[in-house]
Each structure stands twice: as structure tokens, then as C-alpha cells.
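K.L.:
The structure follows.
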Amino acid sequence: MTSAPPPEELDPDALKAVTHPLRRRILGVLSAGPATATKLAKALGENTGATSYHLRELARFGFVEDVPELARGKERWWRTRPRDIRWPRRSEQSAESRMLFDDMQRQGFEDDLEKLNRFAEKRDELPGGWPDALLFARGATWLTEEELQQLWHDYMELFRRYWRTEEDRSPEARRVLVRWLAFPDPGE
């Protein structure tokens, strides 16, 4: 089994690179598997010049990489590069980084909600026990700041235990989106 990549913190330039709307869409398509700039352009309704440029920018910051074993002639295939990205603490971010991060977070929540709605629409068409695979829990507890940080670290350790690359997955495995969210109750 492949081990999860080591955690890494993004610098402001990498944060800018990954928050670009088209680059986020490219990463979304590539998360399902490798593609060429031409295939991405078709899937995203863009031109190949734009997808090629943004793929090179994503590669410059290590978000995507070449897949030479799929290349035929001049055709260049790309895939996401497995990374465990951590964001700098908000108190350590510049005002510009906070704005970029807030926008990226908002876009991420919107993307997640759209994917959840698509799953809900199609779940009864899925084989086996997959229609029951929406695991959901809501809760609240009382924690100190230190305990909340420990909860985060414990969650990440658990997630990393189950992390797999596409090449290392079981043939029966499906790509599963996992999200974790915890924040202080704003009503207090």
C-alpha cells in the first residue's frame, strides 16, 4: 500500500496558482483520472491553449504532473499529483492570502454541495450497497482550542491511514469524497 504524502504548507504564490477558477475546474476533472489538454478543453468548454497554459502553471507549483506512459506522439497526458496540503494558520496569513483562501473555501463548499446534490439525484442507480454510502453525522461538543487542534490531528491521522493512490486501490473501490468541518458556534 502506498503511504500518504507528507503534509506540506502552501506559500502565497502556490495559493494564488490553485485558487484560479479555471485551474480549480481543471483539478476537478483530473481528480477523476488523467487527461490531455484537449480532453480538458472539451470537458470544460475552453480552448486547448488555455487548458495547456493552466496545466503548465499547475505543474510549476506541483499540483499536476506528466503521465509519460500514456503519451502518444505529441499528446501529453496530465494527472493530479498526490499532496497533503495544509494551509498556514489564518493568524499567519497576509490579508491577500486570507482573501484568496476565503474565496477558495467558499468555492470549495459550493462545489461540494453541487457534488452532494448530484450524488443524491443518482444514488438509487448505483449498484450494491453504494446507494447507502452517504455517511453523515452532525454533532456538537465543548472543546478547548488545544482539544480542537488535537481532534483535527486525530482526524488527519485516521484519514491518512485510509489514503490510497488510484494505482493502489482495490478493483471494487470507488472514489469517495471525504470532508471534515469543525468551527466554534457563532451564536455564543
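We label chains A, B, ... in the order they appear in the C-alpha cells, count residues from 1 in each chain, and number ligands from 1 in the order shown.
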At a cut-off of 12 Å, using only C-alpha atoms, what residues contact region 148-165 of chain A? Leave out same-chain residues fewer than 4 positions from it and give the result as number ranges by chain.
P.N.:
A: 1-7, 31-33, 79-86, 89, 140-144, 169-170, 173-184
K.L.:
Pick out the closest residue to Gly128 (chain A) from this set: A:Glu172, A:Ser52, A:Val29, A:Leu116. Count only C-alpha atoms.
P.N.:
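Of all the options, A:Glu172 lies closest to Gly128 (chain A).
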